[in-house]
$ cat run.csv   # CSV, C-alpha atoms
chain,number,residue,atom,x,y,z
A,1,MET,CA,69.2,-38.6,-63.6
A,2,ILE,CA,69.3,-38.4,-59.8
A,3,ARG,CA,68.0,-34.8,-60.1
A,4,LYS,CA,65.0,-35.9,-62.1
A,5,ILE,CA,64.2,-38.6,-59.6
A,6,THR,CA,64.4,-36.1,-56.8
A,7,TYR,CA,62.2,-33.7,-58.7
A,8,GLY,CA,59.6,-36.5,-59.2
A,9,ILE,CA,59.6,-37.3,-55.5
A,10,PHE,CA,59.1,-33.7,-54.6
A,11,LEU,CA,56.2,-33.4,-57.1
A,12,GLY,CA,54.6,-36.5,-55.6
A,13,ILE,CA,54.9,-35.0,-52.1
A,14,ILE,CA,53.3,-31.7,-53.2
A,15,VAL,CA,50.4,-33.5,-54.8
A,16,ALA,CA,49.9,-35.7,-51.8
A,17,ALA,CA,50.0,-32.6,-49.5
A,18,LEU,CA,47.4,-30.8,-51.7
A,19,ILE,CA,45.0,-33.7,-51.4
A,20,LEU,CA,45.5,-34.2,-47.7
A,21,PHE,CA,45.2,-30.5,-47.2
A,22,PHE,CA,41.8,-30.3,-49.0
A,23,ALA,CA,40.6,-33.1,-46.8
A,24,ALA,CA,41.8,-31.6,-43.5
A,25,PHE,CA,41.1,-27.9,-44.1
A,26,PRO,CA,38.0,-27.3,-46.3
A,27,PHE,CA,38.0,-23.9,-47.8
A,28,GLY,CA,35.7,-21.3,-46.3
A,29,LYS,CA,34.6,-23.3,-43.3
A,30,ASN,CA,34.7,-21.6,-40.0
A,31,LYS,CA,37.5,-23.4,-38.1
A,32,MET,CA,38.5,-20.7,-35.6
A,33,ALA,CA,39.5,-21.7,-32.1
A,34,VAL,CA,41.7,-19.0,-30.8
A,35,GLY,CA,40.4,-16.4,-33.3
A,36,LYS,CA,36.8,-16.6,-31.9
A,37,TYR,CA,38.1,-15.6,-28.5
A,38,TYR,CA,40.0,-12.6,-29.9
A,39,LEU,CA,37.0,-11.5,-32.0
A,40,GLN,CA,34.7,-11.6,-28.9
A,41,ASN,CA,36.9,-10.0,-26.4
A,42,ASP,CA,38.9,-7.6,-28.5
A,43,ILE,CA,36.9,-4.4,-27.9
A,44,LYS,CA,36.8,-4.6,-24.2
A,45,GLN,CA,40.3,-6.0,-23.7
A,46,THR,CA,42.4,-3.9,-26.1
A,47,GLY,CA,40.1,-1.2,-27.5
A,48,ALA,CA,41.6,-1.5,-30.9
A,49,ALA,CA,39.2,-1.5,-33.9
A,50,ASN,CA,41.5,-3.6,-36.0
A,51,VAL,CA,41.6,-7.1,-34.5
A,52,VAL,CA,44.7,-8.0,-36.5
A,53,THR,CA,46.6,-5.2,-34.8
A,54,ALA,CA,45.3,-6.3,-31.4
A,55,VAL,CA,46.6,-9.8,-32.0
A,56,THR,CA,49.9,-8.6,-33.4
A,57,LEU,CA,50.7,-6.1,-30.7
A,58,ASP,CA,48.7,-7.0,-27.6
A,59,TYR,CA,48.0,-10.8,-27.5
A,60,ARG,CA,51.2,-11.7,-29.2
A,61,GLY,CA,53.2,-8.5,-28.5
A,62,PHE,CA,56.2,-10.4,-27.2
A,63,ASP,CA,56.4,-12.5,-30.5
A,64,THR,CA,56.4,-9.2,-32.4
A,65,LEU,CA,59.4,-8.1,-30.5
A,66,GLY,CA,61.1,-11.3,-31.5
A,67,GLU,CA,60.1,-10.7,-35.2
A,68,VAL,CA,61.5,-7.2,-35.1
A,69,SER,CA,64.7,-8.7,-33.7
A,70,VAL,CA,64.9,-11.1,-36.7
A,71,LEU,CA,64.4,-8.1,-39.0
A,72,PHE,CA,67.3,-6.4,-37.2
A,73,ALA,CA,69.5,-9.5,-37.5
A,74,ALA,CA,68.8,-9.7,-41.3
A,75,ALA,CA,69.6,-6.0,-41.8
A,76,ALA,CA,72.8,-6.3,-39.7
A,77,GLY,CA,73.8,-9.4,-41.8
A,78,VAL,CA,73.5,-7.4,-45.0
A,79,ALA,CA,75.5,-4.6,-43.6
A,80,ILE,CA,78.2,-7.0,-42.4
A,81,LEU,CA,78.4,-8.9,-45.7
A,82,PHE,CA,78.8,-5.6,-47.6
A,83,TYR,CA,81.1,-4.0,-45.1
A,84,VAL,CA,83.9,-2.0,-46.8
A,85,LEU,CA,86.5,0.0,-45.0
A,86,GLU,CA,86.0,3.7,-45.3
A,87,GLU,CA,89.4,4.3,-47.0
A,88,ASP,CA,88.8,1.6,-49.5
A,89,LYS,CA,85.8,3.3,-50.9
A,90,LYS,CA,86.3,4.7,-54.3
A,91,LYS,CA,83.8,7.0,-55.8
A,92,ARG,CA,83.1,6.6,-59.4
A,93,GLU,CA,84.7,9.4,-61.4
A,94,LYS,CA,81.7,10.2,-63.5
A,95,GLN,CA,78.3,10.1,-61.8
A,96,VAL,CA,75.6,8.9,-64.2
A,97,TYR,CA,72.4,10.6,-63.2
A,98,PRO,CA,69.1,9.6,-64.5
A,99,ASN,CA,67.1,12.0,-66.6
A,100,PHE,CA,65.6,15.3,-65.5
A,101,ILE,CA,62.0,13.9,-65.1
A,102,VAL,CA,63.1,11.2,-62.7
A,103,ARG,CA,65.2,13.6,-60.6
A,104,VAL,CA,62.5,16.3,-60.3
A,105,GLY,CA,59.6,13.9,-60.0
A,106,SER,CA,61.3,12.0,-57.1
A,107,ARG,CA,61.7,15.3,-55.2
A,108,ILE,CA,58.0,16.0,-55.6
A,109,ILE,CA,56.7,12.5,-54.8
A,110,PHE,CA,59.1,11.8,-51.8
A,111,PRO,CA,57.2,13.9,-49.2
A,112,PHE,CA,53.9,12.3,-50.2
A,113,ILE,CA,55.4,8.8,-49.8
A,114,LEU,CA,56.6,9.8,-46.3
A,115,LEU,CA,53.1,11.2,-45.5
A,116,PHE,CA,51.3,8.1,-46.8
A,117,GLY,CA,53.7,5.8,-44.9
A,118,SER,CA,53.2,7.8,-41.7
A,119,TYR,CA,49.4,7.7,-42.2
A,120,ILE,CA,49.5,3.9,-42.6
A,121,PHE,CA,51.4,3.3,-39.4
A,122,ILE,CA,49.7,6.0,-37.3
A,123,HIS,CA,46.3,4.5,-38.2
A,124,GLY,CA,47.4,0.9,-37.7
A,125,HIS,CA,44.9,0.2,-34.9
A,126,LEU,CA,41.9,1.5,-37.0
A,127,THR,CA,42.5,0.6,-40.6
A,128,PRO,CA,44.2,-2.3,-42.4
A,129,GLY,CA,47.9,-1.3,-42.1
A,130,GLY,CA,50.4,-0.8,-39.4
A,131,GLY,CA,54.1,-0.3,-38.6
A,132,PHE,CA,55.5,-3.0,-40.9
A,133,GLN,CA,53.6,-1.9,-44.0
A,134,GLY,CA,54.1,1.8,-43.3
A,135,GLY,CA,57.8,1.3,-42.7
A,136,ALA,CA,58.2,-0.6,-46.0
A,137,ILE,CA,56.4,2.2,-47.8
A,138,ILE,CA,58.8,4.8,-46.4
A,139,ALA,CA,61.8,2.7,-47.3
A,140,SER,CA,60.5,2.5,-50.8
A,141,GLY,CA,60.6,6.3,-50.8
A,142,PHE,CA,64.2,6.1,-49.9
A,143,LEU,CA,64.8,3.6,-52.7
A,144,LEU,CA,63.2,6.1,-55.1
A,145,LEU,CA,65.6,8.8,-53.9
A,146,TYR,CA,68.6,6.4,-54.4
A,147,LEU,CA,67.5,5.6,-57.9
A,148,ALA,CA,67.2,9.3,-58.8
A,149,TYR,CA,70.4,10.4,-57.1
A,150,PRO,CA,72.8,7.5,-57.2
A,151,GLY,CA,75.8,9.5,-55.9
A,152,GLU,CA,74.2,10.7,-52.7
A,153,ARG,CA,74.0,8.7,-49.5
A,154,VAL,CA,71.7,8.8,-46.5
A,155,ASN,CA,73.2,9.6,-43.1
A,156,ARG,CA,73.7,6.2,-41.5
A,157,ASN,CA,74.2,7.6,-38.0
A,158,LYS,CA,70.8,9.3,-38.0
A,159,LEU,CA,69.2,6.0,-39.3
A,160,ALA,CA,70.9,4.1,-36.4
A,161,ILE,CA,69.7,6.7,-33.9
A,162,ALA,CA,66.1,6.4,-35.2
A,163,GLU,CA,66.3,2.6,-35.1
A,164,GLY,CA,67.8,2.4,-31.7
A,165,LEU,CA,65.2,4.9,-30.2
A,166,ALA,CA,62.3,3.0,-31.8
A,167,GLY,CA,63.5,-0.3,-30.3
A,168,LEU,CA,64.1,1.4,-26.9
A,169,VAL,CA,60.5,2.8,-27.0
A,170,PHE,CA,59.1,-0.7,-27.7
A,171,VAL,CA,61.1,-2.4,-24.9
A,172,GLY,CA,60.7,0.5,-22.6
A,173,LEU,CA,56.9,0.6,-22.8
A,174,GLY,CA,56.8,-3.2,-22.3
A,175,LEU,CA,59.1,-3.0,-19.2
A,176,PHE,CA,57.2,0.1,-17.8
A,177,GLY,CA,53.9,-1.9,-18.0
A,178,LEU,CA,55.6,-4.9,-16.4
A,179,LEU,CA,57.2,-3.0,-13.5
A,180,THR,CA,54.6,-0.4,-12.6
A,181,LYS,CA,51.1,-1.2,-13.6
A,182,GLY,CA,50.4,-4.8,-14.5
A,183,ASN,CA,51.9,-8.2,-14.1
A,184,SER,CA,52.9,-8.9,-17.7
A,185,PHE,CA,55.3,-7.6,-20.3
A,186,LEU,CA,53.7,-5.1,-22.6
A,187,PHE,CA,50.8,-4.6,-20.3
A,188,ASN,CA,48.4,-2.0,-21.8
A,189,PHE,CA,48.5,0.6,-19.1
A,190,LEU,CA,47.1,3.6,-21.0
A,191,PRO,CA,43.4,4.3,-21.1
A,192,LYS,CA,41.6,2.4,-23.9
A,193,GLY,CA,39.7,5.5,-25.1
A,194,GLU,CA,36.8,5.4,-27.5
A,195,LEU,CA,36.6,2.8,-30.2
A,196,ASN,CA,37.5,4.0,-33.7
A,197,MET,CA,39.2,7.2,-32.5
A,198,ILE,CA,42.8,8.0,-33.2
A,199,PHE,CA,43.6,8.2,-29.5
A,200,SER,CA,42.4,4.8,-28.5
A,201,ALA,CA,43.7,1.3,-27.7
A,202,GLY,CA,46.3,2.5,-25.1
A,203,ILE,CA,49.9,1.8,-26.0
A,204,LEU,CA,49.2,0.0,-29.3
A,205,PRO,CA,49.5,3.1,-31.6
A,206,ILE,CA,52.7,4.1,-29.9
A,207,ILE,CA,54.2,0.7,-30.4
A,208,TYR,CA,53.2,0.6,-34.0
A,209,ILE,CA,54.7,4.1,-34.6
A,210,ALA,CA,58.0,2.8,-33.1
A,211,ILE,CA,57.8,-0.3,-35.3
A,212,GLY,CA,57.2,1.9,-38.3
A,213,PHE,CA,60.3,3.9,-37.6
A,214,LYS,CA,62.3,0.8,-36.9
A,215,VAL,CA,61.3,-1.0,-40.1
A,216,ALA,CA,61.7,2.1,-42.2
A,217,SER,CA,65.3,2.8,-40.9
A,218,GLU,CA,66.3,-0.9,-41.3
A,219,PHE,CA,65.0,-1.2,-44.8
A,220,ALA,CA,66.5,2.1,-45.7
A,221,GLY,CA,69.8,0.8,-44.4
A,222,ILE,CA,69.5,-2.4,-46.5
A,223,VAL,CA,68.8,-0.2,-49.6
A,224,ASP,CA,71.8,1.9,-48.7
A,225,ASP,CA,74.1,-1.1,-48.4
A,226,MET,CA,73.0,-2.5,-51.7
A,227,MET,CA,73.3,0.8,-53.6
A,228,CYS,CA,76.7,1.4,-52.1
A,229,GLU,CA,77.8,-2.1,-53.1
A,230,ALA,CA,76.9,-1.1,-56.7
A,231,ILE,CA,78.3,2.4,-56.7
A,232,CYS,CA,81.0,2.8,-54.1
A,233,ALA,CA,82.9,-0.2,-55.5
A,234,GLY,CA,85.4,-0.7,-52.8
A,235,GLY,CA,87.4,-3.6,-51.6
A,236,GLU,CA,88.8,-6.4,-53.7
A,237,LYS,CA,87.4,-7.0,-57.2
B,8,MET,CA,39.3,-22.8,-53.2
B,9,ILE,CA,41.2,-21.2,-56.1
B,10,TYR,CA,43.5,-19.7,-53.4
B,11,TYR,CA,44.5,-23.1,-52.1
B,12,VAL,CA,45.4,-24.2,-55.7
B,13,GLY,CA,47.2,-21.0,-56.4
B,14,ALA,CA,49.2,-21.2,-53.2
B,15,PHE,CA,50.2,-24.8,-53.9
B,16,LEU,CA,51.1,-23.9,-57.5
B,17,LEU,CA,53.3,-21.1,-56.2
B,18,ILE,CA,55.1,-23.4,-53.8
B,19,ALA,CA,55.5,-26.0,-56.5
B,20,ILE,CA,56.9,-23.5,-59.0
B,21,GLY,CA,59.3,-22.3,-56.3
B,22,ILE,CA,60.5,-25.9,-55.5
B,23,TYR,CA,60.9,-26.5,-59.2
B,24,ALA,CA,63.1,-23.4,-59.6
B,25,ILE,CA,65.2,-24.4,-56.6
B,26,ILE,CA,65.8,-27.9,-57.8
B,27,ILE,CA,66.1,-27.5,-61.6
B,28,LYS,CA,67.6,-24.0,-62.2
B,29,LYS,CA,71.3,-23.5,-62.2
B,30,ASN,CA,71.3,-19.7,-61.9
B,31,LEU,CA,71.6,-18.4,-58.3
B,32,ILE,CA,69.3,-15.5,-59.0
B,33,LYS,CA,66.6,-17.9,-60.3
B,34,ILE,CA,67.0,-20.0,-57.2
B,35,LEU,CA,66.5,-16.9,-55.1
B,36,ILE,CA,63.3,-16.1,-57.0
B,37,GLY,CA,62.1,-19.6,-56.3
B,38,LEU,CA,62.8,-19.1,-52.6
B,39,ASP,CA,60.6,-15.9,-52.7
B,40,LEU,CA,57.9,-17.7,-54.6
B,41,ILE,CA,57.7,-20.4,-51.9
B,42,ALA,CA,57.5,-17.7,-49.2
B,43,SER,CA,54.6,-16.0,-51.1
B,44,GLY,CA,52.8,-19.2,-51.6
B,45,THR,CA,53.1,-20.1,-47.9
B,46,ASN,CA,51.7,-16.7,-46.9
B,47,LEU,CA,48.8,-17.0,-49.4
B,48,LEU,CA,48.1,-20.5,-48.0
B,49,ILE,CA,48.1,-19.3,-44.4
B,50,VAL,CA,45.8,-16.4,-45.1
B,51,SER,CA,43.3,-18.5,-47.1
B,52,ILE,CA,43.1,-21.1,-44.3
B,53,GLY,CA,41.6,-18.4,-42.1
B,54,TYR,CA,38.9,-17.4,-44.6
B,55,VAL,CA,35.3,-17.8,-43.5
B,56,LYS,CA,32.7,-17.9,-46.2
B,57,GLY,CA,31.0,-14.5,-46.4
B,58,GLY,CA,33.3,-13.0,-43.7
B,59,THR,CA,34.5,-9.5,-43.7
B,60,ALA,CA,37.9,-8.1,-42.6
B,61,PRO,CA,38.3,-8.4,-38.8
B,62,ILE,CA,38.0,-4.7,-38.2
B,63,PHE,CA,35.3,-3.2,-36.0
B,64,SER,CA,34.9,-0.1,-38.2
B,65,PRO,CA,31.7,2.1,-37.7
B,66,ALA,CA,30.1,0.4,-40.7
B,67,VAL,CA,30.0,-3.1,-39.1
B,68,LEU,CA,29.8,-2.0,-35.4
B,69,GLY,CA,26.8,-3.4,-33.7
B,70,LYS,CA,25.7,-5.6,-36.5
B,71,ALA,CA,26.0,-9.4,-36.5
B,72,VAL,CA,28.6,-9.8,-39.3
B,73,LYS,CA,30.9,-12.8,-39.8
B,74,MET,CA,34.6,-12.0,-39.7
B,75,VAL,CA,37.5,-14.0,-41.0
B,76,ASP,CA,40.1,-15.4,-38.6
B,77,PRO,CA,42.5,-12.6,-37.5
B,78,VAL,CA,45.3,-14.9,-36.3
B,79,PRO,CA,46.6,-16.1,-39.7
B,80,GLN,CA,46.5,-12.5,-40.9
B,81,ALA,CA,48.6,-11.4,-37.9
B,82,LEU,CA,51.1,-14.2,-38.6
B,83,THR,CA,51.4,-13.3,-42.3
B,84,LEU,CA,51.7,-9.6,-41.6
B,85,THR,CA,55.1,-10.0,-40.0
B,86,ALA,CA,56.2,-12.9,-42.1
B,87,ILE,CA,56.0,-10.8,-45.3
B,88,VAL,CA,58.4,-8.1,-44.0
B,89,ILE,CA,60.7,-10.7,-42.6
B,90,GLY,CA,60.6,-12.6,-45.9
B,91,ALA,CA,61.6,-9.4,-47.7
B,92,SER,CA,64.6,-8.9,-45.4
B,93,GLU,CA,65.6,-12.5,-45.8
B,94,VAL,CA,65.6,-12.2,-49.6
B,95,ALA,CA,67.8,-9.1,-49.1
B,96,LEU,CA,70.2,-11.2,-47.0
B,97,ALA,CA,70.3,-14.0,-49.6
B,98,ALA,CA,70.9,-11.5,-52.4
B,99,ALA,CA,73.9,-10.2,-50.4
B,100,PHE,CA,75.3,-13.7,-50.3
B,101,VAL,CA,74.7,-14.1,-54.0
B,102,VAL,CA,76.6,-10.8,-54.7
B,103,LEU,CA,79.5,-12.1,-52.6
B,104,LEU,CA,79.5,-15.5,-54.3
B,105,TYR,CA,79.6,-13.8,-57.7
B,106,ARG,CA,82.5,-11.6,-56.6
B,107,HIS,CA,84.4,-14.6,-55.3
B,108,TYR,CA,83.8,-17.1,-58.1
B,109,GLY,CA,83.0,-14.8,-61.0
B,110,THR,CA,79.9,-16.8,-62.0
B,111,LEU,CA,76.3,-17.4,-60.9
B,112,ASP,CA,76.2,-21.0,-62.2
B,113,ILE,CA,76.0,-23.4,-59.3
B,114,LYS,CA,77.6,-26.1,-61.4
B,115,LYS,CA,80.8,-24.0,-61.6
B,116,ILE,CA,80.9,-23.0,-58.0
B,117,ARG,CA,83.1,-25.7,-56.6
B,118,SER,CA,81.8,-26.3,-53.1
B,119,LEU,CA,78.2,-26.6,-54.3
B,120,LYS,CA,78.4,-29.8,-56.4
B,121,TRP,CA,75.1,-31.5,-57.0

$ encode --input "run.csv" --output "structure tokens"
Amino acid sequence: MIRKITYGIFLGIIVAALILFFAAFPFGKNKMAVGKYYLQNDIKQTGAANVVTAVTLDYRGFDTLGEVSVLFAAAAGVAILFYVLEEDKKKREKQVYPNFIVRVGSRIIFPFILLFGSYIFIHGHLTPGGGFQGGAIIASGFLLLYLAYPGERVNRNKLAIAEGLAGLVFVGLGLFGLLTKGNSFLFNFLPKGELNMIFSAGILPIIYIAIGFKVASEFAGIVDDMMCEAICAGGEK
Amino acid sequence: MIYYVGAFLLIAIGIYAIIIKKNLIKILIGLDLIASGTNLLIVSIGYVKGGTAPIFSPAVLGKAVKMVDPVPQALTLTAIVIGASEVALAAAFVVLLYRHYGTLDIKKIRSLKW
């Protein structure tokens, strides 16, 4: 009974919110305040063709560093929850491999997934895309490999090195801009270049490549933890 | 307009799943639906009628084109990836709960009485 009452109350809140929302934010009307400034000044201030990238990495670059840290915290949480001592790990006696087509097909497709993911995060300042999306694509390639070869495991040390280096590049670029050239963290100290060229927008592509590596290695680590939980079967049970 | 309704429907379905369903996996799906609905809502707030993507590609450069608000898109961009990792973390908790209690039913998990 009490559950149904609670449900009714929640439903009422949602309907009320919907009506209030339609009244406050009419759909399709131009209600930009900050966005207008970004659209007008993007080309001469950052040199990035993609305004979304400029907002993510330049105007709000410090927030993005925080968001990457949240991502790291979540990945570390998964790793801690699934932590199993090395000697407790028992391999399954009989590895069940998927069929031939999945195994061979994953080998053929995996380099193309890597290429596509890299393309997405290298062109993050020109096209819709960027480090977060490209990293997720690359991690999905790792998931495919895990599904095709359940017994194999990725080298976690190399993942940790890639992740640490990427984070170091992000923070290092920010500190370099702060200490030498400008007066703010993540100051864009490289030349802006020509609009819509691959070498443009200063440090933005470098940061997005670093974010791409970081997201890819963190998601690959999460995938590895979950697959190991299903296959290594260590600990109590 | 349809985006607002869709976003609110997604959020409502998610809240329904969290309140009514007993299975932890279904509650997790509800959580993810709420996240998706919120992202859709934020992006559709920034829509401007007749606007293009906020990218100064050669096709639109120099012309007077309307562009949609880039700020909600930049917010959603990171929120999607963070939402995915949060769902992974929640799934890890569900796995541990199942291993400890041997069930996914929240009525049978002792410390989660409703």

$ residues_near_point --input "run.csv" --point "(74.5, -18.1, -53.4)" --cutoff "10 Å" --atoms "only C-alpha atoms" --output "list in words"
Asn30, Leu31, Ile32, Ile34, Leu35, Ala97, Ala98, Ala99, Phe100, Val101, Val102, Leu103, Leu104, Tyr105, Leu111, Asp112, Ile113, Ile116 and Leu119 of chain B

$ residues_around --input "run.csv" --residues "Ala86 in chain B" --least-positions-apart "6" --cutoff "12 Å" --atoms "all atoms listed in the file" --output "PyMOL selection string"
(chain A and resi 56+63-64+66-68+70-71+132-133) or (chain B and resi 39+42-47+49-50+79-80+92-93)

$ write_last_selection --input "run.csv" --atoms "C-alpha atoms" --output "short mmCIF file (atom, residue, chain, number, x, y, z; two decimals), in the coordinates of the input"
data_model
loop_
_atom_site.label_atom_id
_atom_site.label_comp_id
_atom_site.auth_asym_id
_atom_site.auth_seq_id
_atom_site.Cartn_x
_atom_site.Cartn_y
_atom_site.Cartn_z
CA THR A 56 49.90 -8.60 -33.40
CA ASP A 63 56.40 -12.50 -30.50
CA THR A 64 56.40 -9.20 -32.40
CA GLY A 66 61.10 -11.30 -31.50
CA GLU A 67 60.10 -10.70 -35.20
CA VAL A 68 61.50 -7.20 -35.10
CA VAL A 70 64.90 -11.10 -36.70
CA LEU A 71 64.40 -8.10 -39.00
CA PHE A 132 55.50 -3.00 -40.90
CA GLN A 133 53.60 -1.90 -44.00
CA ASP B 39 60.60 -15.90 -52.70
CA ALA B 42 57.50 -17.70 -49.20
CA SER B 43 54.60 -16.00 -51.10
CA GLY B 44 52.80 -19.20 -51.60
CA THR B 45 53.10 -20.10 -47.90
CA ASN B 46 51.70 -16.70 -46.90
CA LEU B 47 48.80 -17.00 -49.40
CA ILE B 49 48.10 -19.30 -44.40
CA VAL B 50 45.80 -16.40 -45.10
CA PRO B 79 46.60 -16.10 -39.70
CA GLN B 80 46.50 -12.50 -40.90
CA SER B 92 64.60 -8.90 -45.40
CA GLU B 93 65.60 -12.50 -45.80
#

$ closest_atom_pairs --input "run.csv" --of "chain B" --to "chain A" --cutoff "6 Å" --atoms "only C-alpha atoms" --output "CSV"
residue,atom,partner,partner_atom,distance
B:Met8,CA,A:Phe27,CA,5.7
B:Tyr54,CA,A:Gly28,CA,5.3
B:Val55,CA,A:Gly28,CA,4.5
B:Lys56,CA,A:Gly28,CA,4.5
B:Pro61,CA,A:Val51,CA,5.6
B:Ile62,CA,A:Asn50,CA,4.3
B:Phe63,CA,A:Ala49,CA,4.7
B:Asp76,CA,A:Gly35,CA,5.4
B:Pro77,CA,A:Val52,CA,5.2
B:Val78,CA,A:Gly35,CA,5.9
B:Ala81,CA,A:Val52,CA,5.4
B:Ile89,CA,A:Leu71,CA,5.8
B:Ser92,CA,A:Ala74,CA,5.9
B:Leu96,CA,A:Val78,CA,5.4

$ write_last_selection --input "run.csv" --atoms "C-alpha atoms" --output "JSON list (two decimals), keeping the file's coordinate frame"
[["chain", "number", "residue", "atom", "x", "y", "z"],
["B", 8, "MET", "CA", 39.30, -22.80, -53.20],
["B", 54, "TYR", "CA", 38.90, -17.40, -44.60],
["B", 55, "VAL", "CA", 35.30, -17.80, -43.50],
["B", 56, "LYS", "CA", 32.70, -17.90, -46.20],
["B", 61, "PRO", "CA", 38.30, -8.40, -38.80],
["B", 62, "ILE", "CA", 38.00, -4.70, -38.20],
["B", 63, "PHE", "CA", 35.30, -3.20, -36.00],
["B", 76, "ASP", "CA", 40.10, -15.40, -38.60],
["B", 77, "PRO", "CA", 42.50, -12.60, -37.50],
["B", 78, "VAL", "CA", 45.30, -14.90, -36.30],
["B", 81, "ALA", "CA", 48.60, -11.40, -37.90],
["B", 89, "ILE", "CA", 60.70, -10.70, -42.60],
["B", 92, "SER", "CA", 64.60, -8.90, -45.40],
["B", 96, "LEU", "CA", 70.20, -11.20, -47.00]]

$ residues_around --input "run.csv" --residues "Leu190 in chain A" --least-positions-apart "5" --cutoff "12 Å" --atoms "only C-alpha atoms" --output "list in words"
Thr46, Gly47, Leu173, Gly174, Phe176, Gly177, Thr180, Lys181, Gly182, Phe199, Ser200, Ala201, Gly202, Ile203, Leu204, Pro205 and Ile206 of chain A

$ atom_distance --input "run.csv" --atom1 "CA of Ala66 in chain B" --atom2 "CA of Tyr37 in chain A"
21.7 Å

$ atom_distance --input "run.csv" --atom1 "CA of Ser118 in chain A" --atom2 "CA of Ile161 in chain A"
18.3 Å

$ atom_distance --input "run.csv" --atom1 "CA of Tyr83 in chain A" --atom2 "CA of Gly134 in chain A"
27.7 Å
